[in-house]
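Participant: Provided herewith: entry16.txt, compact mmCIF, C-alpha atoms.
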# COMPACT_ATOMS: atom_id res chain seq x y z
CA MET V 638 33.75 5.84 -5.21
CA SER V 639 32.52 4.15 -8.37
CA ALA V 640 30.17 6.89 -9.68
CA ALA V 641 31.24 8.40 -13.01
CA ILE V 642 30.09 11.85 -11.90
CA PRO V 643 31.90 13.47 -8.94
CA LEU V 644 29.76 13.83 -5.82
CA ARG V 645 30.14 17.62 -5.84
CA GLU V 646 28.57 17.78 -9.31
CA VAL V 647 25.80 15.44 -8.28
CA TRP V 648 25.02 17.73 -5.34
CA GLU V 649 25.18 20.83 -7.58
CA LEU V 650 22.62 19.22 -9.88
CA ARG V 651 20.42 18.41 -6.91
CA ASN V 652 20.64 22.00 -5.70
CA ALA V 653 19.69 23.28 -9.15
CA ALA V 654 16.67 20.95 -9.21
CA ALA V 655 15.66 22.14 -5.72
CA GLU V 656 15.90 25.78 -6.81
CA THR V 657 13.77 25.03 -9.89
CA LEU V 658 11.23 23.24 -7.71
CA VAL V 659 11.03 26.12 -5.24
CA ARG V 660 10.42 28.55 -8.10
CA SER V 661 7.75 26.35 -9.68
CA GLU V 662 6.04 25.99 -6.28
CA ALA V 663 5.97 29.79 -6.10
CA GLN V 664 4.21 29.82 -9.48
CA VAL V 665 1.71 27.20 -8.29
CA ARG V 666 1.07 29.26 -5.18
CA GLN V 667 0.40 32.40 -7.20
CA SER V 668 -1.98 30.52 -9.53
CA LEU V 669 -3.87 28.75 -6.75
CA GLU V 670 -4.26 31.88 -4.65
CA SER V 671 -6.10 33.57 -7.52
CA ALA V 672 -7.93 30.51 -8.92
CA SER V 673 -11.73 30.44 -9.03
CA ALA V 674 -13.78 27.42 -7.96
CA ASP V 675 -14.55 26.67 -11.62
CA GLU V 676 -10.88 26.72 -12.56
CA ILE V 677 -10.00 24.33 -9.75
CA LEU V 678 -12.90 22.06 -10.69
CA ALA V 679 -11.73 21.96 -14.30
CA MET V 680 -8.30 20.85 -13.13
CA LEU V 681 -9.70 18.22 -10.77
CA ASP V 682 -11.58 16.63 -13.69
CA SER V 683 -8.34 15.05 -14.84
CA PHE V 684 -8.01 13.15 -11.57
CA SER V 685 -10.96 10.87 -12.27
CA SER V 686 -9.72 7.37 -13.11
CA ALA V 687 -11.58 7.63 -16.43
CA ARG V 688 -9.81 10.83 -17.45
CA SER V 689 -6.43 10.55 -15.81
CA PRO V 690 -3.54 10.28 -18.29
CA GLY V 691 -1.88 7.72 -16.01
CA PRO V 692 -1.06 6.67 -12.45
CA GLU V 693 1.86 9.13 -12.24
CA TRP V 694 -0.62 11.96 -12.75
CA THR V 695 -3.25 10.61 -10.35
CA ARG V 696 -0.65 9.96 -7.66
CA SER V 697 0.10 13.68 -7.69
CA PHE V 698 -3.39 14.36 -6.34
CA GLU V 699 -2.26 14.10 -2.72
CA ALA V 700 0.49 16.63 -3.41
CA LEU V 701 -2.06 18.90 -5.10
CA ALA V 702 -4.49 18.59 -2.17
CA GLU V 703 -1.75 19.76 0.20
CA ARG V 704 -1.15 22.84 -1.92
CA LEU V 705 -4.88 23.55 -2.23
CA TRP V 706 -5.15 23.57 1.56
CA ALA V 707 -2.01 25.64 1.93
CA TRP V 708 -2.78 28.33 -0.60
CA CYS V 709 -6.43 28.43 -1.73
CA ASP V 710 -9.13 30.56 -0.24
CA ALA V 711 -11.23 28.50 2.23
CA SER V 712 -14.57 29.67 0.79
CA THR V 713 -13.42 28.66 -2.70
CA LEU V 714 -12.58 25.18 -1.47
CA VAL V 715 -16.04 24.86 0.12
CA GLN V 716 -17.62 25.54 -3.27
CA VAL V 717 -15.31 23.04 -4.94
CA GLU V 718 -16.04 20.35 -2.34
CA GLN V 719 -19.80 20.76 -2.72
CA ALA V 720 -19.59 20.56 -6.50
CA VAL V 721 -17.37 17.47 -6.42
CA ARG V 722 -19.48 15.70 -3.79
CA ALA V 723 -22.61 16.29 -5.86
CA ARG V 724 -21.06 14.20 -8.64
CA GLY V 725 -21.59 11.00 -6.64
CA ALA V 726 -19.69 8.19 -4.97
CA ALA V 727 -17.04 7.84 -7.66
CA TRP V 728 -15.77 11.28 -6.71
CA SER V 729 -15.74 10.73 -2.95
CA PRO V 730 -11.90 10.34 -2.68
CA VAL V 731 -11.55 13.83 -4.16
CA ALA V 732 -14.46 15.26 -2.16
CA ASN V 733 -13.11 13.75 1.07
CA ALA V 734 -9.70 15.30 0.40
CA LEU V 735 -11.49 18.66 0.25
CA ASP V 736 -13.38 18.10 3.49
CA PRO V 737 -12.43 20.88 5.96
CA ARG V 738 -11.61 18.29 8.68
CA HIS V 739 -9.07 16.73 6.35
CA GLY V 740 -7.81 20.21 5.54
CA GLU V 741 -7.10 20.80 9.21
CA LYS V 742 -5.01 17.63 9.35
CA ILE V 743 -3.10 18.58 6.22
CA ARG V 744 -2.35 22.07 7.50
CA ALA V 745 -1.11 20.65 10.81
CA GLN V 746 1.19 18.24 8.93
CA LEU V 747 2.57 21.01 6.76
CA ARG V 748 3.37 23.09 9.83
CA GLY V 749 5.53 20.22 11.09
CA GLY V 750 8.31 20.86 8.56
CA PHE V 751 11.92 21.84 9.22
CA ALA V 752 12.61 25.41 10.32
CA THR V 753 15.46 25.61 7.79
CA ALA V 754 13.30 24.59 4.81
CA ARG V 755 11.94 27.19 2.43
CA LEU V 756 8.81 25.18 1.72
CA PRO V 757 6.33 23.50 4.06
CA LEU V 758 6.56 19.72 4.40
CA PHE V 759 4.94 19.11 1.00
CA THR V 760 4.73 15.76 -0.73
CA ILE V 761 7.11 15.93 -3.68
CA GLY V 762 6.36 12.80 -5.71
CA MET B 509 19.33 -11.01 -3.01
CA ASN B 510 20.91 -8.38 -0.79
CA GLU B 511 19.06 -5.53 0.93
CA ARG B 512 19.89 -2.98 -1.75
CA GLU B 513 18.63 -5.27 -4.51
CA LEU B 514 15.42 -5.90 -2.60
CA ASP B 515 14.93 -2.16 -2.07
CA ARG B 516 15.48 -1.36 -5.75
CA LEU B 517 13.14 -4.10 -6.90
CA SER B 518 10.35 -3.10 -4.51
CA ASP B 519 10.77 0.61 -5.34
CA ALA B 520 10.35 -0.19 -9.04
CA MET B 521 7.33 -2.39 -8.32
CA LEU B 522 5.59 0.21 -6.17
CA TRP B 523 6.48 3.46 -7.92
CA GLY B 524 7.81 2.56 -11.35
CA GLY B 525 6.27 1.22 -14.52
CA PRO B 526 6.81 -1.75 -16.83
CA TYR B 527 10.20 -0.61 -18.09
CA GLU B 528 11.55 -0.04 -14.61
CA VAL B 529 10.50 -3.46 -13.35
CA ASN B 530 11.87 -5.15 -16.48
CA ASP B 531 15.17 -3.33 -15.97
CA GLN B 532 15.38 -4.53 -12.38
CA VAL B 533 14.77 -8.16 -13.29
CA ILE B 534 17.31 -8.00 -16.14
CA ALA B 535 19.88 -6.40 -13.82
CA LEU B 536 19.32 -9.16 -11.26
CA TYR B 537 19.80 -11.89 -13.87
CA ARG B 538 22.95 -10.16 -15.12
CA GLY B 539 24.19 -9.93 -11.54
CA GLY B 540 23.94 -13.70 -11.29
CA ARG B 541 20.73 -14.03 -9.29
CA GLY B 542 18.72 -17.18 -9.86
CA ILE B 543 15.13 -17.46 -11.04
CA LEU B 544 13.84 -18.41 -7.60
CA ASP B 545 15.88 -15.66 -5.93
CA ILE B 546 14.11 -13.08 -8.07
CA ALA B 547 10.73 -14.76 -7.62
CA ASP B 548 11.23 -14.55 -3.84
CA GLY B 549 12.24 -10.88 -4.14
CA ILE B 550 9.04 -10.08 -6.02
CA ALA B 551 6.95 -11.81 -3.35
CA VAL B 552 8.44 -9.71 -0.54
CA GLY B 553 8.50 -6.54 -2.66
CA TYR B 554 4.73 -6.77 -3.02
CA GLN B 555 4.33 -6.90 0.77
CA ARG B 556 5.62 -3.34 1.08
CA TYR B 557 2.64 -2.20 -0.96
CA LEU B 558 0.29 -4.09 1.36
CA MET B 559 2.00 -2.91 4.52
CA ASP B 560 2.74 0.72 3.75
CA VAL B 561 0.58 1.98 0.89
CA LEU B 562 -2.71 0.10 0.63
CA ASP B 563 -5.40 1.27 3.06
CA HIS B 564 -8.76 1.32 1.30
CA PRO B 565 -10.42 -2.07 1.92
CA LYS B 566 -11.92 -2.21 -1.57
CA TYR B 567 -8.58 -1.64 -3.29
CA PHE B 568 -7.11 -4.96 -2.21
CA ASN B 569 -9.00 -6.65 -5.03
CA HIS B 570 -6.61 -6.34 -7.99
CA PRO B 571 -3.30 -6.67 -6.12
CA MET B 572 -4.73 -9.60 -4.14
CA HIS B 573 -5.30 -11.45 -7.40
CA ALA B 574 -1.85 -10.49 -8.65
CA PHE B 575 -0.25 -11.99 -5.53
CA ASP B 576 -2.24 -15.18 -6.02
CA TYR B 577 -1.09 -15.37 -9.65
CA LEU B 578 2.46 -14.72 -8.50
CA ASN B 579 2.06 -17.74 -6.23
CA VAL B 580 0.90 -19.77 -9.25
CA VAL B 581 3.94 -18.67 -11.29
CA ASN B 582 6.31 -19.38 -8.41
CA THR B 583 4.74 -22.79 -7.78
CA TRP B 584 5.27 -23.65 -11.45
CA VAL B 585 8.88 -22.43 -11.35
CA ARG B 586 9.53 -24.39 -8.16
CA ASN B 587 8.01 -27.64 -9.40
CA TYR B 588 8.46 -27.91 -13.15
CA ASP B 589 11.67 -27.98 -15.14
CA SER B 590 11.24 -25.89 -18.26
CA PRO B 591 13.48 -23.64 -20.39
CA HIS B 592 10.72 -21.03 -20.15
CA GLN B 593 11.18 -20.67 -16.38
CA VAL B 594 13.36 -17.63 -16.95
CA LYS B 595 10.27 -15.71 -18.10
CA GLY B 596 8.37 -16.38 -14.88
CA PRO B 597 9.75 -13.45 -12.81
CA PHE B 598 9.15 -11.04 -15.70
CA MET B 599 5.52 -12.09 -15.92
CA ALA B 600 5.00 -11.97 -12.15
CA VAL B 601 6.64 -8.60 -11.61
CA ARG B 602 4.76 -7.08 -14.54
CA PHE B 603 1.28 -8.07 -13.41
CA VAL B 604 1.94 -7.13 -9.79
CA ASN B 605 3.16 -3.74 -11.00
CA ASP B 606 0.15 -3.46 -13.33
CA ALA B 607 -2.23 -4.06 -10.42
CA ILE B 608 -0.48 -1.44 -8.29
CA ARG B 609 -0.62 1.07 -11.16
CA SER B 610 -4.26 0.25 -11.82
CA ASN B 611 -5.09 1.13 -8.21
CA ALA B 612 -3.09 4.35 -8.56
CA MET B 613 -5.42 5.50 -11.34
CA SER B 614 -7.84 6.56 -8.59
CA PRO B 615 -6.83 9.10 -5.94
CA ARG B 616 -6.40 7.69 -2.44
CA ASP B 617 -9.40 8.43 -0.24
CA PRO B 618 -8.33 10.10 3.03
CA GLN B 619 -11.53 8.85 4.67
CA TYR B 620 -10.11 5.32 4.49
CA ALA B 621 -6.55 6.17 5.49
CA LEU B 622 -5.38 4.05 8.42
CA PRO B 623 -3.32 5.32 11.33
CA SER B 624 0.22 4.01 11.17
CA ARG B 625 0.89 0.60 12.74
CA LEU B 626 3.77 2.32 14.55
CA GLU B 627 1.30 4.32 16.63
CA PHE B 628 0.16 1.06 18.24
CA ARG B 629 3.54 -0.57 18.67
CA ALA B 630 3.89 0.36 22.34
CA TRP B 631 0.40 -1.01 22.98
CA ALA B 632 1.33 -4.25 21.17
CA ASP B 633 4.59 -4.62 23.10
CA ASP B 634 2.59 -4.41 26.33
CA VAL B 635 0.56 -7.48 25.36
CA ALA B 636 2.18 -10.50 26.99
CA LEU B 637 3.71 -12.89 24.49
CA ASP B 638 1.39 -15.74 25.50
CA ARG B 639 -1.59 -13.40 24.92
CA ALA B 640 -0.37 -12.01 21.60
CA LEU B 641 -1.90 -14.65 19.33
CA PRO B 642 -5.38 -14.67 20.95
CA GLU B 643 -5.31 -10.87 20.81
CA LEU B 644 -4.23 -10.98 17.16
CA LEU B 645 -7.10 -13.34 16.38
CA GLU B 646 -9.57 -10.92 17.93
CA ARG B 647 -8.13 -7.92 16.10
CA ILE B 648 -8.32 -9.66 12.73
CA VAL B 649 -11.90 -10.80 13.34
CA ALA B 650 -12.76 -7.23 14.39
CA GLN B 651 -11.00 -5.93 11.23
CA ASP B 652 -8.79 -3.69 13.35
CA ALA B 653 -5.85 -3.56 10.93
CA PRO B 654 -3.54 -1.06 12.68
CA ARG B 655 -3.52 -2.99 15.97
CA ALA B 656 -3.36 -6.37 14.21
CA CYS B 657 -0.36 -5.16 12.20
CA ALA B 658 1.34 -3.72 15.29
CA LEU B 659 0.79 -7.02 17.10
CA VAL B 660 2.35 -9.08 14.33
CA ASP B 661 5.34 -6.69 14.20
CA SER B 662 5.80 -7.08 17.94
CA TYR B 663 5.35 -10.86 17.86
CA LEU B 664 7.87 -11.32 15.03
CA ASP B 665 10.43 -9.28 16.96
CA ARG B 666 9.91 -11.13 20.23
CA THR B 667 9.98 -14.76 19.14
CA ALA B 668 11.24 -17.03 16.37
CA GLU B 669 7.99 -19.01 16.49
CA ARG B 670 6.10 -18.82 13.18
CA GLN B 671 3.91 -21.91 12.81
CA GLN B 672 1.37 -20.96 15.50
CA LEU B 673 1.34 -17.42 14.14
CA MET B 674 0.43 -18.64 10.66
CA GLU B 675 -2.22 -20.96 12.10
CA THR B 676 -3.71 -18.09 14.09
CA ILE B 677 -3.94 -15.76 11.08
CA THR B 678 -5.43 -18.55 8.98
CA TYR B 679 -7.96 -19.51 11.66
CA ALA B 680 -8.97 -15.86 12.01
CA ALA B 681 -9.40 -15.60 8.24
CA CYS B 682 -11.60 -18.68 8.22
CA HIS B 683 -14.18 -16.83 10.32
CA PHE B 684 -15.19 -15.02 7.15
CA GLN B 685 -17.28 -17.10 4.84
CA ASN B 686 -18.64 -16.82 1.31
CA ASP B 687 -15.51 -15.35 -0.18
CA PRO B 688 -12.97 -17.81 -1.64
CA HIS B 689 -10.46 -14.96 -2.10
CA VAL B 690 -9.86 -15.06 1.64
CA MET B 691 -8.85 -18.72 1.62
CA ARG B 692 -6.86 -18.30 -1.60
CA ASN B 693 -4.86 -15.55 0.06
CA CYS B 694 -4.18 -17.91 2.96
CA THR B 695 -2.76 -20.49 0.55
CA SER B 696 -0.65 -17.96 -1.34
CA SER B 697 0.72 -16.36 1.81
CA ILE B 698 1.56 -19.63 3.57
CA GLU B 699 3.20 -21.16 0.50
CA GLU B 700 5.25 -18.09 -0.32
CA PHE B 701 6.36 -17.68 3.30
CA THR B 702 7.32 -21.35 3.49
CA HIS B 703 9.50 -21.22 0.37
CA ASN B 704 10.84 -17.67 0.57
CA GLN B 705 14.59 -17.44 1.21
CA THR B 706 15.04 -13.66 1.46
CA SER B 707 15.92 -11.82 4.64
CA ARG B 708 12.45 -10.24 4.48
CA ARG B 709 10.32 -13.37 4.43
CA ASP B 710 8.57 -12.23 7.64
CA ASP B 711 7.10 -9.38 5.61
CA ILE B 712 4.87 -11.98 3.96
CA LEU B 713 3.29 -12.60 7.38
CA ARG B 714 2.96 -8.85 7.96
CA GLY B 715 1.21 -8.51 4.60
CA TYR B 716 -0.91 -11.58 5.34
CA VAL B 717 -2.20 -9.96 8.54
CA LYS B 718 -2.84 -6.60 6.85
CA HIS B 719 -4.78 -8.32 4.08
CA GLN B 720 -6.93 -10.41 6.37
CA ALA B 721 -7.58 -7.53 8.76
CA ARG B 722 -8.49 -4.99 6.10
CA TYR B 723 -9.63 -6.48 2.78
CA VAL B 724 -13.37 -6.04 2.36
CA LYS B 725 -14.97 -9.47 2.17
CA ARG B 726 -17.80 -10.38 -0.18
CA ALA B 727 -19.83 -11.23 2.89
CA GLU B 728 -19.09 -8.87 5.72
CA ASP B 729 -21.06 -10.79 8.33
CA HIS B 730 -20.69 -14.33 9.61
CA ALA B 731 -23.73 -15.51 7.66
CA ALA B 732 -23.03 -19.25 7.60
CA PHE B 733 -21.93 -19.29 11.23
CA ASN B 734 -25.04 -17.39 12.28
CA LEU B 735 -27.17 -19.95 10.44
CA TYR B 736 -25.42 -22.74 12.32
CA ALA B 737 -25.87 -20.94 15.65
CA LYS B 738 -29.54 -20.30 14.95
CA TYR B 739 -30.44 -23.93 14.23
CA PHE B 740 -27.85 -26.00 16.10
CA ASP B 741 -26.09 -24.14 18.88
CA ALA B 742 -27.42 -20.86 20.23
CA ASP B 743 -24.43 -20.61 22.58
CA ALA B 744 -21.83 -20.97 19.85
CA VAL B 745 -19.25 -18.21 19.65
CA THR B 746 -17.10 -17.23 16.69
CA ARG B 747 -13.80 -17.90 18.41
Can you turn what I pasted into structure tokens?
Facilitator:
Amino acid sequence: MSAAIPLREVWELRNAAAETLVRSEAQVRQSLESASADEILAMLDSFSSARSPGPEWTRSFEALAERLWAWCDASTLVQVEQAVRARGAAWSPVANALDPRHGEKIRAQLRGGFATARLPLFTIG
Amino acid sequence: MNERELDRLSDAMLWGGPYEVNDQVIALYRGGRGILDIADGIAVGYQRYLMDVLDHPKYFNHPMHAFDYLNVVNTWVRNYDSPHQVKGPFMAVRFVNDAIRSNAMSPRDPQYALPSRLEFRAWADDVALDRALPELLERIVAQDAPRACALVDSYLDRTAERQQLMETITYAACHFQNDPHVMRNCTSSIEEFTHNQTSRRDDILRGYVKHQARYVKRAEDHAAFNLYAKYFDADAVTR
């Protein structure tokens, strides 16, 4: 093996990162479960191409949409979808991601994860 | 370039930024790869974006131009002897990556997400080989990208024939008028496929089909053909 770091240490580092990710997902869950429609809307503002800090941020929208459908209150998401759709065509990718039919698909996908995994089959990056 | 090098380069192009793609090109030069080897790797790396990531028909616009410019750079590298040739792959990989990142500034719209080509593979394999190209022609004209892509996957696996395949895709593309980008993409795809020496050169044909079966044309109808049919041949058909 040519790697400078032993494989065991590499795997330990990976496990530490996974543990950190699981804990941060728990924080996201707690925040989203209690978030109001206005708070979610304020966050979604940064996903417009005009306001996004960069493609790495905007690419995380699909991961965010999964978590919204997994953890947010359905009636809150209806309010958010209506508000976003009212902004016009430029916001349709975001509005369509909040469409309940899309939500059904997302929830079905998330349920397809591994039984041994602590998290649903979320998009990571 | 070997498979691992191609994977690393395409990963950087699709998901990285300018520093990552620069690093990949530098590493390839340091590893002894030639200018044209890297140019070929960039051409097939871009196809993964077309094949696997890009679904929205309006978002082909920027990357489509980048691929055409890549073809210009590669044509220059292939045909002119200049000490500046070494810069060509850097320029090509940077503007392809820029176009991909530019698209990523907008969230992907789930309304325009395509079903996977793999879902139609069994259907495509059931099409007899001597019917595959006429069927492909129809699917491209109908802008049915998932089935067109599944058909080209199946065809490429079943036969070593490529010339008739390219002619079929090109003929299908020529049904759409009033948009020179369509024909320019034909030129870029055919030239890059013809010269490409990587193990993944067939991906250029897969990307070619995806582009022609999905990219939104400036004129979505067959306006010029319809005009011809109206005045000269009412029985004319588009294929």
Participant: May I ask for the distance between CA of Ala520 (chain B) and CA of Val533 (chain B), given in Å to one decimal place?
Facilitator: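 Pair CA of Ala520 (chain B) / CA of Val533 (chain B) returns 10.1 Å.
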Participant: Within 9 Å of Ala574 (chain B), counting all atoms listed in the file, which residues show up once you throw out same-chain ones fewer than 6 positions away? Write them as a list of chain:residue names, please.
Facilitator: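 Answer for this query is B:Ala600, B:Phe603, B:Val604, B:Asn605, B:Asp606, B:Ala607.
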Participant: Could you please tell me, as a ChimeraX atom specification, which residues of chain V have an atom within 9 Å of chain B when using all atoms listed in the file?
Facilitator: /V:684-687,689-699,729-734,739
Participant: Please measure the separation of CA of Asn530 (chain B) and CA of Gly542 (chain B), giving the value in Å to one decimal.
Facilitator: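 Value for the CA of Asn530 (chain B)-CA of Gly542 (chain B) distance: 15.3 Å.
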Participant: Taking (-2.2, 20.1, 3.5) in the file's coordinates as the center, which residues reach within 7 Å of it, counting only C-alpha atoms, put as a ChimeraX atom specification?
Facilitator: /V:702-704,706-707,740,742-744,746-747
Participant: Let's have the selection written as a CSV table (one decimal), keeping the file's coordinate frame, with C-alpha atoms.
Facilitator:
chain,number,residue,atom,x,y,z
V,702,ALA,CA,-4.5,18.6,-2.2
V,703,GLU,CA,-1.8,19.8,0.2
V,704,ARG,CA,-1.2,22.8,-1.9
V,706,TRP,CA,-5.2,23.6,1.6
V,707,ALA,CA,-2.0,25.6,1.9
V,740,GLY,CA,-7.8,20.2,5.5
V,742,LYS,CA,-5.0,17.6,9.4
V,743,ILE,CA,-3.1,18.6,6.2
V,744,ARG,CA,-2.4,22.1,7.5
V,746,GLN,CA,1.2,18.2,8.9
V,747,LEU,CA,2.6,21.0,6.8
